[in-house]
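Q: Here it is: the structure, laid out below.
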Amino acid sequence: GGGVVIDADGNSLIDFGSGIAVTNVGNANPRVAATVADQAARFTHTCFMVAPYESYIEVCEALNRITPGDHEKRTFLVNSGAEAVENAVKVARHATGRPAVVVFDHGYHGRTLLTMTLTAKNMPYKQGFGPYAPEVYRMPMAYPFRWPSGPENCGPEAAAQAIDQITKQIGPGNVAAVVIEPIQG
C-alpha cells in the first residue's frame with residue numbers, strides 16, 4: 001500500500017515507478033481504491049462511440065473548462081498513453097495534411113505499431129516486431145548532464161540542433177507533429 005511494494009520474497013521496496021509515473025498516488029491508495037470500487041459497483045462503462053453516457057460527457061466538459069485558453073476545445077478520453085499518442089499523431093496528420101512525425105532519443109511511447117516506431121530503444125521494446133510505420137524521424141534529446149558545452153547551454157543548443165536537422169532532413173512543411181517525452185526514466 002501507499003508508496004511501498006512488497007515483492008514475492010517479502011522485500012519492501014519504495015515504489016519510485018508507481019505504474020511508470022502514471023499513478024502518482026502510490027499503489028492501492030485507500031481513497032483511490034474505494035472510489036474505483038464505488039464506481040465499478042455503480043457503472044462500468046462501455047465504448048462511448050457505441051453507447052454514449054453522461055459521466056464521459058461531464059469529464060470532457062470539465063477538462064475543457066479548466067484547460068487554459070478561450071479557443072474551441074475538444075476532448076477525447078482513451079485508455080492508455082499509447083492510445084493517446086497514436087490518436088494525437090492521427091489528428092495532427094489529418095489536420096495538417098502532413099506525414100512526418102518527429103521524436104527524440106530515449107523516448108518510450110508504447111507498444112502499438114506506431115508507438116513502438118516512435119520509441120527509441122530497440123532492446124527490449126522493439127526487437128523482432130518490425131517493420132515499423134513510415135515517416136518517423138528521430139532527433140537527439142537534450143541531456144544537460146552530458147551536454148558537451150555544459151548544462152547552461154543545453155536547452156538552446158539542443159533546440160537549434162533539432163531545428164537544423166528537421167530543416168535539412170525532413171523539411172518543416174512536411175512535419176505533422178513533434179512528440180517528446182519530457183520526463184524520461
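Here, A, B, ... name the chains of the C-alpha cells in the order displayed, residue numbers run from 1 inside each chain, and ligands are numbered from 1 in the same displayed order.
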I want to know what sits within 10 Å of range 116-128 of chain A, based on only C-alpha atoms, with residues of the same chain fewer than 4 positions away left out; could you give that as a list in words?

A: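 Contacts, with the query itself left out: Ala82, Val85, Glu86, Val101, Val102, Val103, Phe104, Asp105, His106, Gly107, Tyr108, His109, Gly110, Arg111, Thr112, Tyr132, Ala133, Pro134, Glu135, Val136, Tyr137, Arg138, Met139, Val179, Ile180 and Glu181 of chain A.
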
Q: Write out as a ChimeraX atom specification the set of residues from range 36-158 of chain A that DSSP, computed on the backbone, places in alpha helix (DSSP H).

A: /A:36-42,54-66,81-96,113-118,151-158

Q: Any idea what the distance is between CA of Ala100 in chain A and CA of Glu83 in chain A?

A: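 Between these atoms lies a distance of 18.5 Å.
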
Q: Quote the spacing between CA of Leu113 in chain A and CA of Ile183 in chain A in Å to one decimal place.

A: 22.1 Å

Q: Name all residues at most 9 Å from Gly97 in chain A (count only C-alpha atoms; drop same-chain ones fewer than 5 positions away) and give them as JSON, numbers by chain.

A: {"A": [92, 174, 176]}

Q: Could you write out the selected residues, including N, CA and C atoms, as a PDB file, in the first residue's frame?

A:
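Contents of the output file result.pdb:
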ATOM      1  N   ALA A  92      -3.090  15.059 -35.790  1.00  0.00           N
ATOM      2  CA  ALA A  92      -2.130  16.015 -36.353  1.00  0.00           C
ATOM      3  C   ALA A  92      -1.937  15.789 -37.848  1.00  0.00           C
ATOM      4  N   ASN A 174       6.740  19.409 -44.042  1.00  0.00           N
ATOM      5  CA  ASN A 174       6.300  18.009 -44.019  1.00  0.00           C
ATOM      6  C   ASN A 174       5.958  17.510 -42.615  1.00  0.00           C
ATOM      7  N   ALA A 176       4.018  16.958 -39.344  1.00  0.00           N
ATOM      8  CA  ALA A 176       2.664  16.997 -38.792  1.00  0.00           C
ATOM      9  C   ALA A 176       2.705  17.177 -37.272  1.00  0.00           C
TER      10      ALA A 176
END

Q: Can you pull out the residues contacting range 142-144 of chain A? Cut-off 10 Å, using only C-alpha atoms, and skip same-chain residues under 3 positions away; I want them as a tab-separated table (two decimals) with all heavy atoms, in the first residue's frame.

A:
chain	number	residue	atom	x	y	z
A	104	PHE	N	12.23	11.99	-30.30
A	104	PHE	CA	13.56	12.23	-29.76
A	104	PHE	C	14.16	10.97	-29.14
A	104	PHE	O	13.44	10.08	-28.67
A	104	PHE	CB	13.50	13.36	-28.72
A	104	PHE	CG	13.21	14.68	-29.37
A	104	PHE	CD1	11.92	15.05	-29.69
A	104	PHE	CD2	14.25	15.54	-29.71
A	104	PHE	CE1	11.65	16.25	-30.31
A	104	PHE	CE2	14.00	16.74	-30.33
A	104	PHE	CZ	12.70	17.10	-30.64
A	105	ASP	N	15.49	10.93	-29.11
A	105	ASP	CA	16.22	9.82	-28.49
A	105	ASP	C	15.73	9.59	-27.07
A	105	ASP	O	15.35	10.55	-26.38
A	105	ASP	CB	17.72	10.13	-28.44
A	105	ASP	CG	18.38	10.06	-29.80
A	105	ASP	OD1	17.81	9.44	-30.71
A	105	ASP	OD2	19.47	10.64	-29.95
A	139	MET	N	15.36	12.64	-33.48
A	139	MET	CA	16.31	13.72	-33.21
A	139	MET	C	17.01	13.45	-31.88
A	139	MET	O	16.46	12.77	-31.01
A	139	MET	CB	15.58	15.07	-33.12
A	139	MET	CG	14.86	15.48	-34.38
A	139	MET	SD	16.04	15.76	-35.70
A	139	MET	CE	15.14	15.08	-37.09
A	147	TRP	N	25.88	17.27	-21.77
A	147	TRP	CA	25.96	18.17	-22.92
A	147	TRP	C	27.38	18.70	-23.06
A	147	TRP	O	27.97	19.18	-22.08
A	147	TRP	CB	24.97	19.31	-22.76
A	147	TRP	CG	24.71	19.98	-24.07
A	147	TRP	CD1	25.20	21.19	-24.47
A	147	TRP	CD2	23.95	19.49	-25.16
A	147	TRP	NE1	24.78	21.49	-25.74
A	147	TRP	CE2	24.02	20.44	-26.19
A	147	TRP	CE3	23.24	18.32	-25.39
A	147	TRP	CZ2	23.37	20.27	-27.41
A	147	TRP	CZ3	22.59	18.15	-26.60
A	147	TRP	CH2	22.66	19.13	-27.59
A	148	PRO	N	27.99	18.62	-24.26
A	148	PRO	CA	29.40	18.97	-24.45
A	148	PRO	C	29.79	20.37	-23.98
A	148	PRO	O	30.87	20.55	-23.41
A	148	PRO	CB	29.61	18.84	-25.96
A	148	PRO	CG	28.54	17.92	-26.41
A	148	PRO	CD	27.38	18.12	-25.49
A	149	SER	N	28.94	21.36	-24.17
A	149	SER	CA	29.31	22.73	-23.77
A	149	SER	C	28.71	23.13	-22.42
A	149	SER	O	28.73	24.30	-22.05
A	149	SER	CB	28.89	23.73	-24.85
A	149	SER	OG	27.49	23.69	-25.04
A	150	GLY	N	28.19	22.16	-21.68
A	150	GLY	CA	27.69	22.41	-20.33
A	150	GLY	C	26.18	22.53	-20.25
A	150	GLY	O	25.52	22.86	-21.24
A	151	PRO	N	25.64	22.27	-19.07
A	151	PRO	CA	24.19	22.26	-18.90
A	151	PRO	C	23.53	23.61	-19.19
A	151	PRO	O	22.39	23.66	-19.66
A	151	PRO	CB	23.99	21.85	-17.44
A	151	PRO	CG	25.31	21.96	-16.78
A	151	PRO	CD	26.35	21.91	-17.84
A	152	GLU	N	24.23	24.69	-18.95
A	152	GLU	CA	23.65	26.02	-19.19
A	152	GLU	C	23.40	26.29	-20.68
A	152	GLU	O	22.57	27.10	-21.03
A	152	GLU	CB	24.52	27.13	-18.59
A	152	GLU	CG	25.91	27.27	-19.21
A	152	GLU	CD	26.93	26.22	-18.76
A	152	GLU	OE1	26.67	25.46	-17.81
A	152	GLU	OE2	28.00	26.17	-19.39
A	153	ASN	N	24.09	25.58	-21.54
A	153	ASN	CA	23.93	25.75	-22.98
A	153	ASN	C	23.03	24.69	-23.62
A	153	ASN	O	22.70	24.79	-24.80
A	153	ASN	CB	25.29	25.72	-23.67
A	153	ASN	CG	26.20	26.82	-23.18
A	153	ASN	OD1	25.78	27.96	-23.04
A	153	ASN	ND2	27.44	26.48	-22.87
A	154	CYS	N	22.68	23.70	-22.85
A	154	CYS	CA	22.00	22.54	-23.40
A	154	CYS	C	20.69	22.89	-24.10
A	154	CYS	O	20.47	22.49	-25.24
A	154	CYS	CB	21.75	21.52	-22.30
A	154	CYS	SG	20.94	20.03	-22.88
A	155	GLY	N	19.80	23.58	-23.43
A	155	GLY	CA	18.47	23.87	-23.99
A	155	GLY	C	18.53	24.57	-25.34
A	155	GLY	O	18.03	24.05	-26.34
A	156	PRO	N	19.15	25.76	-25.38
A	156	PRO	CA	19.20	26.48	-26.66
A	156	PRO	C	19.95	25.74	-27.76
A	156	PRO	O	19.54	25.73	-28.91
A	156	PRO	CB	19.91	27.79	-26.31
A	156	PRO	CG	19.80	27.93	-24.83
A	156	PRO	CD	19.68	26.55	-24.28
A	157	GLU	N	21.07	25.09	-27.40
A	157	GLU	CA	21.86	24.39	-28.41
A	157	GLU	C	21.12	23.14	-28.92
A	157	GLU	O	21.15	22.84	-30.12
A	157	GLU	CB	23.23	24.01	-27.85
A	157	GLU	CG	24.13	25.23	-27.67
A	157	GLU	CD	25.49	24.88	-27.06
A	157	GLU	OE1	25.80	23.68	-26.90
A	157	GLU	OE2	26.23	25.83	-26.75
A	158	ALA	N	20.49	22.41	-28.03
A	158	ALA	CA	19.75	21.22	-28.45
A	158	ALA	C	18.58	21.60	-29.34
A	158	ALA	O	18.32	20.94	-30.35
A	158	ALA	CB	19.26	20.44	-27.22
A	159	ALA	N	17.88	22.67	-28.99
A	159	ALA	CA	16.76	23.13	-29.82
A	159	ALA	C	17.26	23.55	-31.20
A	159	ALA	O	16.66	23.18	-32.22
A	159	ALA	CB	16.04	24.30	-29.14
A	161	GLN	N	19.93	22.55	-32.72
A	161	GLN	CA	20.37	21.34	-33.42
A	161	GLN	C	19.18	20.58	-34.00
A	161	GLN	O	19.21	20.14	-35.16
A	161	GLN	CB	21.14	20.46	-32.43
A	161	GLN	CG	21.87	19.30	-33.03
A	161	GLN	CD	22.66	18.57	-31.96
A	161	GLN	OE1	22.10	17.72	-31.28
A	161	GLN	NE2	23.93	18.90	-31.81
A	162	ALA	N	18.12	20.43	-33.21
A	162	ALA	CA	16.93	19.71	-33.69
A	162	ALA	C	16.27	20.46	-34.84
A	162	ALA	O	15.90	19.86	-35.86
A	162	ALA	CB	15.93	19.51	-32.55
A	182	PRO	N	9.06	14.52	-22.05
A	182	PRO	CA	9.89	15.44	-21.27
A	182	PRO	C	10.49	14.83	-20.01
A	182	PRO	O	11.54	15.26	-19.55
A	182	PRO	CB	8.96	16.60	-20.93
A	182	PRO	CG	7.60	16.03	-21.05
A	182	PRO	CD	7.67	14.92	-22.05

Q: Enumerate, as a count of residues only, the complete set of residues in range 31-142 of chain A that a backbone-based DSSP assignment places in strand (DSSP E or B).

A: 9

Q: Give me the residues within 10 Å of range 48-58 of chain A as a short mmCIF file (atom, residue, chain, number, x, y, z; two decimals) with N, CA and C atoms, in the first residue's frame, counting only C-alpha atoms and dropping any in the same chain fewer than 3 places off.

A:
data_model
loop_
_atom_site.label_atom_id
_atom_site.label_comp_id
_atom_site.auth_asym_id
_atom_site.auth_seq_id
_atom_site.Cartn_x
_atom_site.Cartn_y
_atom_site.Cartn_z
N PHE A 43 -21.40 1.70 -12.11
CA PHE A 43 -21.44 1.71 -13.57
C PHE A 43 -20.05 1.40 -14.12
N HIS A 45 -18.35 1.37 -17.63
CA HIS A 45 -18.74 1.93 -18.92
C HIS A 45 -18.48 1.01 -20.10
N GLU A 61 -16.35 17.90 -20.49
CA GLU A 61 -16.72 19.31 -20.28
C GLU A 61 -15.86 19.94 -19.18
N ALA A 62 -15.61 19.20 -18.11
CA ALA A 62 -14.76 19.72 -17.03
C ALA A 62 -13.34 19.97 -17.52
N LEU A 63 -12.79 19.04 -18.29
CA LEU A 63 -11.43 19.23 -18.84
C LEU A 63 -11.39 20.44 -19.76
N ASN A 64 -12.40 20.62 -20.58
CA ASN A 64 -12.45 21.77 -21.47
C ASN A 64 -12.51 23.08 -20.69
N THR A 75 -12.37 17.19 -26.37
CA THR A 75 -11.74 16.21 -25.50
C THR A 75 -12.13 14.81 -25.96
N PHE A 76 -11.16 13.92 -25.93
CA PHE A 76 -11.35 12.52 -26.30
C PHE A 76 -10.64 11.70 -25.24
N LEU A 77 -11.36 10.86 -24.53
CA LEU A 77 -10.77 10.05 -23.47
C LEU A 77 -10.35 8.70 -24.02
#
